[in-house]
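Undergrad: What follows is protein.cif; its format and atoms are mmCIF, C-alpha atoms.
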data_coords
#
loop_
_atom_site.label_atom_id
_atom_site.label_comp_id
_atom_site.auth_asym_id
_atom_site.auth_seq_id
_atom_site.Cartn_x
_atom_site.Cartn_y
_atom_site.Cartn_z
CA MET R 1 110.47 -61.92 98.67
CA VAL R 2 112.62 -59.00 99.74
CA GLN R 3 110.22 -56.73 97.92
CA TYR R 4 107.27 -58.31 99.70
CA ALA R 5 108.86 -58.00 103.16
CA GLN R 6 109.78 -54.40 102.46
CA THR R 7 106.22 -53.58 101.43
CA ARG R 8 104.82 -55.27 104.48
CA PHE R 9 107.27 -53.41 106.67
CA ASP R 10 106.30 -50.06 105.16
CA ALA R 11 102.63 -50.86 105.57
CA SER R 12 103.07 -51.86 109.22
CA PHE R 13 105.23 -48.89 109.97
CA ALA R 14 102.66 -46.54 108.47
CA ALA R 15 99.92 -48.32 110.39
CA LEU R 16 101.69 -47.88 113.72
CA SER R 17 102.84 -44.33 113.17
CA ASP R 18 99.44 -42.91 114.08
CA ALA R 19 98.17 -42.58 117.66
CA THR R 20 94.54 -43.33 116.76
CA ARG R 21 95.53 -46.52 114.98
CA ARG R 22 97.62 -47.62 117.94
CA GLY R 23 94.58 -46.91 120.11
CA VAL R 24 92.39 -49.00 117.80
CA LEU R 25 94.84 -51.90 118.08
CA GLU R 26 94.79 -51.60 121.84
CA GLN R 27 91.00 -51.59 121.78
CA LEU R 28 90.83 -54.68 119.53
CA TRP R 29 93.33 -56.39 121.77
CA ARG R 30 90.67 -56.25 124.46
CA ALA R 31 87.68 -57.15 122.28
CA ASP R 32 86.46 -57.19 118.68
CA ALA R 33 84.53 -54.08 117.71
CA SER R 34 82.50 -52.67 114.83
CA ILE R 35 83.68 -49.63 112.90
CA THR R 36 80.76 -47.69 114.42
CA ASP R 37 81.91 -48.63 117.96
CA LEU R 38 85.45 -47.54 117.15
CA ALA R 39 84.32 -44.27 115.56
CA GLU R 40 82.31 -43.46 118.69
CA LYS R 41 85.09 -44.43 121.04
CA PHE R 42 87.63 -42.25 119.25
CA ARG R 43 85.10 -39.47 118.56
CA MET R 44 85.63 -39.62 114.86
CA SER R 45 83.45 -39.76 111.75
CA LEU R 46 82.66 -43.16 110.27
CA THR R 47 84.55 -42.21 107.13
CA GLY R 48 87.63 -41.25 109.16
CA MET R 49 87.56 -44.49 111.11
CA LYS R 50 87.08 -46.52 107.92
CA LYS R 51 90.28 -44.99 106.57
CA HIS R 52 92.25 -45.90 109.70
CA VAL R 53 90.90 -49.44 109.72
CA GLY R 54 91.74 -49.70 106.01
CA VAL R 55 95.38 -48.86 106.74
CA LEU R 56 95.51 -51.40 109.58
CA GLU R 57 93.90 -54.02 107.37
CA GLN R 58 96.47 -53.53 104.60
CA SER R 59 99.27 -54.08 107.08
CA GLY R 60 97.76 -57.38 108.23
CA LEU R 61 97.39 -56.12 111.79
CA VAL R 62 93.60 -56.13 111.58
CA THR R 63 91.03 -58.12 109.65
CA THR R 64 87.41 -57.16 109.09
CA ALA R 65 84.29 -59.10 108.17
CA LYS R 66 80.88 -57.79 107.24
CA VAL R 67 77.88 -59.45 108.83
CA GLY R 68 74.62 -57.90 107.68
CA ARG R 69 75.20 -54.18 107.82
CA VAL R 70 77.89 -54.28 110.48
CA ARG R 71 81.59 -54.52 109.73
CA THR R 72 83.42 -56.11 112.65
CA CYS R 73 87.14 -55.60 113.17
CA LYS R 74 89.51 -57.90 114.98
CA LEU R 75 93.24 -58.36 115.32
CA GLY R 76 94.77 -59.99 112.28
CA PRO R 77 96.93 -63.10 111.86
CA ARG R 78 99.75 -61.51 113.80
CA ARG R 79 97.66 -61.81 116.92
CA LEU R 80 99.05 -65.30 117.43
CA GLU R 81 102.62 -64.08 117.47
CA GLU R 82 101.60 -61.35 119.86
CA GLU R 83 99.86 -63.81 122.12
CA ALA R 84 102.94 -66.03 122.22
CA ALA R 85 105.05 -62.99 123.08
CA TRP R 86 102.55 -61.94 125.73
CA ILE R 87 102.60 -65.36 127.41
CA GLU R 88 106.39 -65.25 127.37
CA ARG R 89 106.42 -61.88 129.16
CA TYR R 90 103.99 -63.21 131.74
CA ARG R 91 106.27 -66.22 132.19
CA GLN R 92 109.32 -63.99 132.62
CA LEU R 93 107.57 -62.03 135.36
CA TRP R 94 106.81 -65.22 137.28
CA ASP R 95 110.23 -66.66 136.56
CA ALA R 96 111.90 -63.59 138.11
CA ARG R 97 109.54 -63.79 141.07
CA PHE R 98 110.20 -67.50 141.54
CA ASP R 99 113.98 -67.06 141.27
CA ALA R 100 113.66 -64.72 144.24
CA LEU R 101 111.44 -67.26 145.99
CA ASP R 102 114.13 -69.94 145.43
CA THR R 103 116.55 -67.79 147.40
CA VAL R 104 114.01 -67.26 150.17
CA VAL R 105 113.26 -71.00 150.44
CA GLU R 106 116.99 -71.70 150.61
CA GLU R 107 117.34 -69.21 153.47
CA LEU R 108 114.38 -70.72 155.32
CA LYS R 109 115.97 -74.17 154.96
CA GLN R 110 119.25 -72.91 156.41
CA LYS R 111 117.44 -71.21 159.27
CA GLU R 112 115.55 -74.40 160.05
CA LYS R 113 118.79 -76.38 160.14
CA VAL R 114 120.33 -73.94 162.62
CA VAL R 115 117.20 -74.00 164.82
CA GLY R 116 117.14 -77.81 164.59
CA ARG R 117 120.77 -78.03 165.74
CA LYS R 118 120.09 -75.69 168.65
CA LYS R 119 117.13 -77.81 169.75
CA ARG R 120 119.24 -80.95 169.75
CA GLU R 121 122.01 -79.32 171.73
CA MET S 1 120.45 -75.76 139.12
CA LYS S 2 117.57 -73.48 138.34
CA ASN S 3 114.15 -75.05 137.89
CA ARG S 4 111.99 -74.16 134.94
CA THR S 5 108.93 -71.92 135.14
CA THR S 6 106.24 -72.90 132.66
CA VAL S 7 103.06 -71.07 131.74
CA GLU S 8 100.07 -72.64 130.13
CA ARG S 9 96.91 -71.00 128.90
CA LYS S 10 94.52 -73.68 130.14
CA SER S 11 91.47 -72.12 128.50
CA GLU S 12 90.24 -68.75 127.28
CA ARG S 13 89.96 -67.58 130.87
CA GLU S 14 92.64 -69.55 132.72
CA LEU S 15 96.38 -69.30 133.11
CA ALA S 16 98.58 -71.69 135.07
CA VAL S 17 102.20 -71.17 136.13
CA THR S 18 104.18 -74.19 137.31
CA ARG S 19 107.53 -74.44 139.09
CA THR S 20 109.34 -76.85 141.40
CA PHE S 21 111.14 -75.54 144.50
CA ASN S 22 113.99 -77.33 146.25
CA GLY S 23 112.42 -77.33 149.70
CA PRO S 24 109.53 -78.84 151.65
CA ALA S 25 105.97 -77.58 151.14
CA ARG S 26 105.75 -76.09 154.63
CA LEU S 27 108.58 -73.65 153.86
CA VAL S 28 107.26 -72.69 150.43
CA PHE S 29 103.82 -72.19 151.99
CA GLU S 30 105.38 -70.02 154.69
CA ALA S 31 106.90 -67.81 151.99
CA TRP S 32 103.38 -67.19 150.59
CA THR S 33 101.67 -66.57 153.89
CA LYS S 34 104.06 -64.60 156.13
CA PRO S 35 104.18 -60.95 155.06
CA ASP S 36 107.80 -60.40 156.12
CA VAL S 37 108.91 -63.39 154.03
CA PHE S 38 106.47 -62.73 151.16
CA ARG S 39 107.77 -59.23 150.60
CA GLN S 40 111.29 -60.56 150.09
CA TRP S 41 110.40 -62.16 146.78
CA TRP S 42 107.04 -60.99 145.36
CA VAL S 43 108.48 -57.90 143.69
CA PRO S 44 111.80 -58.82 142.06
CA LYS S 45 114.04 -55.92 141.05
CA SER S 46 113.44 -56.54 137.34
CA MET S 47 109.82 -55.45 137.77
CA GLY S 48 110.99 -51.91 138.38
CA MET S 49 108.55 -51.50 141.23
CA SER S 50 108.79 -51.50 144.98
CA LEU S 51 106.45 -52.83 147.60
CA LEU S 52 105.48 -50.08 150.05
CA SER S 53 103.33 -52.17 152.35
CA CYS S 54 102.02 -55.68 152.66
CA GLU S 55 99.25 -56.77 154.98
CA MET S 56 97.99 -60.35 154.97
CA ASP S 57 95.41 -61.87 157.26
CA VAL S 58 95.78 -65.44 156.03
CA ARG S 59 92.61 -67.24 157.09
CA VAL S 60 89.31 -67.91 155.35
CA GLY S 61 87.54 -64.55 155.00
CA GLY S 62 90.72 -62.66 155.97
CA ARG S 63 91.86 -59.81 153.74
CA TYR S 64 95.17 -58.83 152.15
CA ARG S 65 96.43 -55.55 150.76
CA LEU S 66 99.64 -54.83 148.83
CA GLU S 67 100.74 -51.33 147.93
CA PHE S 68 103.26 -50.72 145.18
CA ALA S 69 105.18 -47.73 143.96
CA HIS S 70 106.34 -47.32 140.40
CA GLY S 71 108.05 -43.96 140.00
CA ASP S 72 105.53 -41.45 141.30
CA SER S 73 102.51 -43.65 140.85
CA ARG S 74 100.99 -45.84 143.53
CA MET S 75 98.97 -49.00 143.05
CA ALA S 76 97.11 -51.18 145.50
CA PHE S 77 96.17 -54.82 145.08
CA PHE S 78 93.70 -56.33 147.53
CA GLY S 79 91.19 -59.11 148.09
CA THR S 80 89.99 -61.87 150.41
CA TYR S 81 91.27 -65.37 151.19
CA LYS S 82 88.67 -67.98 150.26
CA GLU S 83 90.54 -71.16 151.18
CA VAL S 84 93.54 -71.68 153.41
CA THR S 85 94.79 -75.25 153.78
CA PRO S 86 98.20 -75.21 155.45
CA HIS S 87 101.07 -76.43 153.27
CA SER S 88 98.81 -77.43 150.38
CA ARG S 89 96.35 -74.85 149.07
CA LEU S 90 95.54 -71.14 149.05
CA VAL S 91 92.69 -69.40 147.20
CA TRP S 92 92.07 -65.66 147.10
CA THR S 93 90.15 -63.05 145.15
CA ASN S 94 91.66 -60.06 143.33
CA ASP S 95 89.31 -57.17 143.92
CA GLU S 96 91.30 -54.13 142.77
CA SER S 97 89.69 -54.12 139.33
CA ASP S 98 86.54 -55.33 137.61
CA GLY S 99 87.08 -58.75 136.15
CA GLY S 100 89.82 -59.67 138.62
CA ALA S 101 90.82 -63.33 138.77
CA ILE S 102 90.42 -65.96 141.44
CA SER S 103 93.96 -67.07 142.27
CA THR S 104 94.68 -70.60 143.49
CA VAL S 105 98.08 -71.85 144.59
CA THR S 106 98.67 -75.53 145.26
CA PHE S 107 101.77 -76.96 146.94
CA GLU S 108 102.58 -80.62 146.40
CA GLU S 109 105.57 -82.12 148.18
CA ARG S 110 107.58 -84.91 146.53
CA SER S 111 110.70 -86.23 148.22
CA GLY S 112 111.63 -82.96 149.84
CA LYS S 113 110.78 -80.81 146.79
CA THR S 114 107.60 -78.85 146.19
CA LEU S 115 105.67 -78.68 142.94
CA LEU S 116 103.85 -75.37 142.94
CA VAL S 117 101.01 -74.45 140.59
CA TYR S 118 99.73 -70.87 140.52
CA HIS S 119 96.41 -70.71 138.70
CA GLU S 120 94.29 -67.70 137.69
CA LEU S 121 90.66 -68.01 136.64
CA TYR S 122 89.09 -64.90 135.09
CA PRO S 123 85.37 -64.25 134.67
CA SER S 124 85.79 -63.97 130.89
CA LYS S 125 88.35 -64.05 128.10
CA GLU S 126 88.18 -60.26 127.87
CA ALA S 127 88.91 -59.97 131.58
CA LEU S 128 91.99 -62.14 131.20
CA ASP S 129 93.25 -60.12 128.23
CA ALA S 130 92.64 -56.86 130.06
CA ASN S 131 94.04 -57.79 133.46
CA ALA S 132 96.60 -60.57 133.35
CA GLY S 133 100.17 -59.40 133.69
CA MET S 134 98.85 -55.86 133.58
CA GLU S 135 102.38 -54.64 134.30
CA ASN S 136 102.79 -52.71 131.05
CA ALA S 137 101.60 -55.57 128.85
CA MET S 138 100.41 -53.25 126.11
CA ALA S 139 103.54 -51.12 125.97
CA GLU S 140 105.60 -54.26 125.62
CA THR S 141 103.33 -55.58 122.91
CA PHE S 142 104.15 -52.59 120.81
CA GLU S 143 107.84 -53.02 121.58
CA GLN S 144 107.60 -56.60 120.33
CA LEU S 145 105.75 -55.43 117.28
CA ASP S 146 108.42 -52.83 116.61
CA GLU S 147 111.11 -55.51 116.85
CA LEU S 148 109.14 -57.65 114.45
CA LEU S 149 108.93 -54.76 112.03
CA VAL S 150 112.67 -54.20 112.24
CA THR S 151 113.23 -57.89 111.54
CA LEU S 152 110.93 -57.76 108.55
CA GLY S 153 112.61 -54.61 107.35
CA ALA S 154 116.01 -56.27 107.54
CA THR S 155 114.99 -59.34 105.52
#
Go through the file and emit its structure as structure tokens.
TA:
Amino acid sequence: MVQYAQTRFDASFAALSDATRRGVLEQLWRADASITDLAEKFRMSLTGMKKHVGVLEQSGLVTTAKVGRVRTCKLGPRRLEEEAAWIERYRQLWDARFDALDTVVEELKQKEKVVGRKKRE
Amino acid sequence: MKNRTTVERKSERELAVTRTFNGPARLVFEAWTKPDVFRQWWVPKSMGMSLLSCEMDVRVGGRYRLEFAHGDSRMAFFGTYKEVTPHSRLVWTNDESDGGAISTVTFEERSGKTLLVYHELYPSKEALDANAGMENAMAETFEQLDELLVTLGAT
């Protein structure tokens, strides 16, 4: 098990150590793409892109499937973990915003009380 | 006591944020519709950004424009109000980028408290992935991934 985790770690680390591969991940985060699309986008030969995708595939970050003559790439099983993490970040942004809104609502309530007292006086 | 903020991915192209506020709907609504109040909370310190200007013409067909600064870079967010129902509902467009969402906020008062739901509907799944929480979502994804790798490495 330790051996397995270590191997997976090495593979992921290698996969992420390259700027093109990080770019490919970012691209696949937005939408699935064929190797040809990716090669064009990163101005690279098909063979070069195949190598990069191969490295990403070994690390489990990307999966590919061949339909007809086209090999389509998409984010691998880890996508789910990433999505959960992404939702959590989005939640934290709103939570921080809404904490500040709590304070503002509290102030508005106090202000209203003061105005209300003045009106009664 | 602090109320919980929950987020739900309602569908491939929808996100909903829910939170209860300890005040009547008219005050919470005021905080969303008066620029001088709005700017007190929309950009919390933890976002690392500041709000340079905030213009809001809150009526159907009225426009809004928010300008942010993050270090040396400037960003503007703008759009049009589509629905304005005092103390209960606001709908606006987000026009600063292609594939911007339609935002809807509903305010529901229950015994002096307000249940607020902020809802975003994107034109497609891709638009949601590309735009929602754009505030450095990708950079943070890689940070998370790095943490995951460290965890795996430590096993």
Undergrad: Which residues, named as in the file, does the PyMOL selection byres ((chain R and resi 96-103) around 9) pick out? Answer as a VMD selection string.
TA: (chain R and resid 91 to 95 104 to 108) or (chain S and resid 2 to 3 5 19 21 to 23 28 31 38 40 to 47)
Undergrad: What is the distance, in Å and to one decimal place, between atom CA of Arg71 of chain R and atom CA of Leu128 of chain S?
TA: 25.0 Å
Undergrad: Measure the distance from atom CA of Ala39 of chain R to atom CA of Ser97 of chain S in Å and round it to one decimal.
TA: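 Atom-to-atom, atom CA of Ala39 of chain R to atom CA of Ser97 of chain S, that is 26.3 Å.
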Undergrad: How would you write, as a PyMOL selection string, the residues chosen by the PyMOL selection byres ((chain S and resi 71-82) around 8) on this structure?
TA: chain S and resi 49+58-70+83-84+90-96
Undergrad: Quote the spacing between atom CA of Ser45 of chain R and atom CA of Asp129 of chain S in Å to one decimal place.
TA: 28.0 Å
Undergrad: Give the padded box for segment 19-34 of chain R as lines of an AutoDock Vina configuration file: axis-aligned, covering all atoms listed in the file, 3 Å on each side, centre and edge lengths in Å to one decimal.
TA:
center_x = 90.3
center_y = -49.9
center_z = 119.6
size_x = 21.7
size_y = 20.6
size_z = 15.6
Undergrad: Quick one: of S:Ser11, S:Thr85, S:Ser50, S:Thr18, who's nearest to chain R, counting all atoms listed in the file?
TA: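 Under the stated criterion, the closest residue is S:Thr18.
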Undergrad: Might you pull out every residue within 9 Å of His52 of chain R, with only C-alpha atoms counted and same-chain residues fewer than 4 positions away left off, and present them as an NGL selection string?
TA: :R and (15 or 18 or 20-21 or 24 or 47-48 or 56-57)
Undergrad: Where atoms are missing, can you supply N, CA and C atoms for segment 85-119 of chain S and output the lot as an mmCIF file, in the frame of the given file?
TA:
data_model
loop_
_atom_site.group_PDB
_atom_site.id
_atom_site.type_symbol
_atom_site.label_atom_id
_atom_site.label_comp_id
_atom_site.auth_asym_id
_atom_site.auth_seq_id
_atom_site.Cartn_x
_atom_site.Cartn_y
_atom_site.Cartn_z
ATOM 1 N N THR S 85 94.490 -73.908 153.286
ATOM 2 C CA THR S 85 94.790 -75.250 153.780
ATOM 3 C C THR S 85 96.303 -75.327 153.964
ATOM 4 N N PRO S 86 96.765 -75.292 155.210
ATOM 5 C CA PRO S 86 98.200 -75.210 155.450
ATOM 6 C C PRO S 86 99.020 -76.212 154.633
ATOM 7 N N HIS S 87 100.065 -75.678 154.023
ATOM 8 C CA HIS S 87 101.070 -76.430 153.270
ATOM 9 C C HIS S 87 100.540 -77.058 151.996
ATOM 10 N N SER S 88 99.252 -76.806 151.631
ATOM 11 C CA SER S 88 98.810 -77.430 150.380
ATOM 12 C C SER S 88 97.985 -76.552 149.461
ATOM 13 N N ARG S 89 97.229 -75.584 149.981
ATOM 14 C CA ARG S 89 96.350 -74.850 149.070
ATOM 15 C C ARG S 89 95.929 -73.490 149.616
ATOM 16 N N LEU S 90 95.977 -72.491 148.709
ATOM 17 C CA LEU S 90 95.540 -71.140 149.050
ATOM 18 C C LEU S 90 94.663 -70.631 147.910
ATOM 19 N N VAL S 91 93.545 -70.001 148.241
ATOM 20 C CA VAL S 91 92.690 -69.400 147.200
ATOM 21 C C VAL S 91 92.340 -67.997 147.656
ATOM 22 N N TRP S 92 92.479 -67.018 146.747
ATOM 23 C CA TRP S 92 92.070 -65.660 147.100
ATOM 24 C C TRP S 92 91.465 -64.924 145.918
ATOM 25 N N THR S 93 90.738 -63.865 146.211
ATOM 26 C CA THR S 93 90.150 -63.050 145.150
ATOM 27 C C THR S 93 91.068 -61.854 144.891
ATOM 28 N N ASN S 94 90.928 -61.269 143.695
ATOM 29 C CA ASN S 94 91.660 -60.060 143.330
ATOM 30 C C ASN S 94 90.620 -58.988 143.046
ATOM 31 N N ASP S 95 90.445 -58.084 144.000
ATOM 32 C CA ASP S 95 89.310 -57.170 143.920
ATOM 33 C C ASP S 95 89.650 -55.758 143.478
ATOM 34 N N GLU S 96 90.914 -55.505 143.098
ATOM 35 C CA GLU S 96 91.300 -54.130 142.770
ATOM 36 C C GLU S 96 90.709 -53.643 141.454
ATOM 37 N N SER S 97 90.289 -54.570 140.581
ATOM 38 C CA SER S 97 89.690 -54.120 139.330
ATOM 39 C C SER S 97 88.504 -55.002 138.983
ATOM 40 N N ASP S 98 87.646 -54.492 138.093
ATOM 41 C CA ASP S 98 86.540 -55.330 137.610
ATOM 42 C C ASP S 98 87.148 -56.477 136.826
ATOM 43 N N GLY S 99 86.565 -57.633 136.924
ATOM 44 C CA GLY S 99 87.080 -58.750 136.150
ATOM 45 C C GLY S 99 88.369 -59.321 136.698
ATOM 46 N N GLY S 100 88.631 -59.094 137.992
ATOM 47 C CA GLY S 100 89.820 -59.670 138.620
ATOM 48 C C GLY S 100 89.689 -61.191 138.710
ATOM 49 N N ALA S 101 90.833 -61.863 138.765
ATOM 50 C CA ALA S 101 90.820 -63.330 138.770
ATOM 51 C C ALA S 101 90.620 -63.895 140.174
ATOM 52 N N ILE S 102 90.301 -65.188 140.208
ATOM 53 C CA ILE S 102 90.420 -65.960 141.440
ATOM 54 C C ILE S 102 91.784 -66.655 141.318
ATOM 55 N N SER S 103 92.644 -66.449 142.302
ATOM 56 C CA SER S 103 93.960 -67.070 142.270
ATOM 57 C C SER S 103 93.987 -68.286 143.183
ATOM 58 N N THR S 104 94.545 -69.382 142.677
ATOM 59 C CA THR S 104 94.680 -70.600 143.490
ATOM 60 C C THR S 104 96.142 -71.037 143.425
ATOM 61 N N VAL S 105 96.723 -71.297 144.577
ATOM 62 C CA VAL S 105 98.080 -71.850 144.590
ATOM 63 C C VAL S 105 98.013 -73.210 145.257
ATOM 64 N N THR S 106 98.583 -74.220 144.623
ATOM 65 C CA THR S 106 98.670 -75.530 145.260
ATOM 66 C C THR S 106 100.138 -75.890 145.459
ATOM 67 N N PHE S 107 100.415 -76.554 146.568
ATOM 68 C CA PHE S 107 101.770 -76.960 146.940
ATOM 69 C C PHE S 107 101.745 -78.470 147.108
ATOM 70 N N GLU S 108 102.581 -79.161 146.333
ATOM 71 C CA GLU S 108 102.580 -80.620 146.400
ATOM 72 C C GLU S 108 104.003 -81.099 146.653
ATOM 73 N N GLU S 109 104.206 -81.718 147.818
ATOM 74 C CA GLU S 109 105.570 -82.120 148.180
ATOM 75 C C GLU S 109 105.897 -83.514 147.645
ATOM 76 N N ARG S 110 107.094 -83.620 147.031
ATOM 77 C CA ARG S 110 107.580 -84.910 146.530
ATOM 78 C C ARG S 110 109.035 -85.016 146.888
ATOM 79 N N SER S 111 109.337 -85.983 147.704
ATOM 80 C CA SER S 111 110.700 -86.230 148.220
ATOM 81 C C SER S 111 111.484 -84.939 148.478
ATOM 82 N N GLY S 112 110.921 -84.146 149.376
ATOM 83 C CA GLY S 112 111.630 -82.960 149.840
ATOM 84 C C GLY S 112 111.536 -81.744 148.923
ATOM 85 N N LYS S 113 110.962 -81.934 147.704
ATOM 86 C CA LYS S 113 110.780 -80.810 146.790
ATOM 87 C C LYS S 113 109.298 -80.476 146.708
ATOM 88 N N THR S 114 109.006 -79.254 146.267
ATOM 89 C CA THR S 114 107.600 -78.850 146.190
ATOM 90 C C THR S 114 107.242 -78.432 144.777
ATOM 91 N N LEU S 115 106.213 -79.081 144.238
ATOM 92 C CA LEU S 115 105.670 -78.680 142.940
ATOM 93 C C LEU S 115 104.602 -77.642 143.227
ATOM 94 N N LEU S 116 104.802 -76.445 142.703
ATOM 95 C CA LEU S 116 103.850 -75.370 142.940
ATOM 96 C C LEU S 116 103.113 -75.020 141.644
ATOM 97 N N VAL S 117 101.795 -74.910 141.741
ATOM 98 C CA VAL S 117 101.010 -74.450 140.590
ATOM 99 C C VAL S 117 100.229 -73.210 141.011
ATOM 100 N N TYR S 118 100.483 -72.106 140.296
ATOM 101 C CA TYR S 118 99.730 -70.870 140.520
ATOM 102 C C TYR S 118 98.730 -70.745 139.373
ATOM 103 N N HIS S 119 97.462 -70.661 139.709
ATOM 104 C CA HIS S 119 96.410 -70.710 138.700
ATOM 105 C C HIS S 119 95.527 -69.482 138.821
#
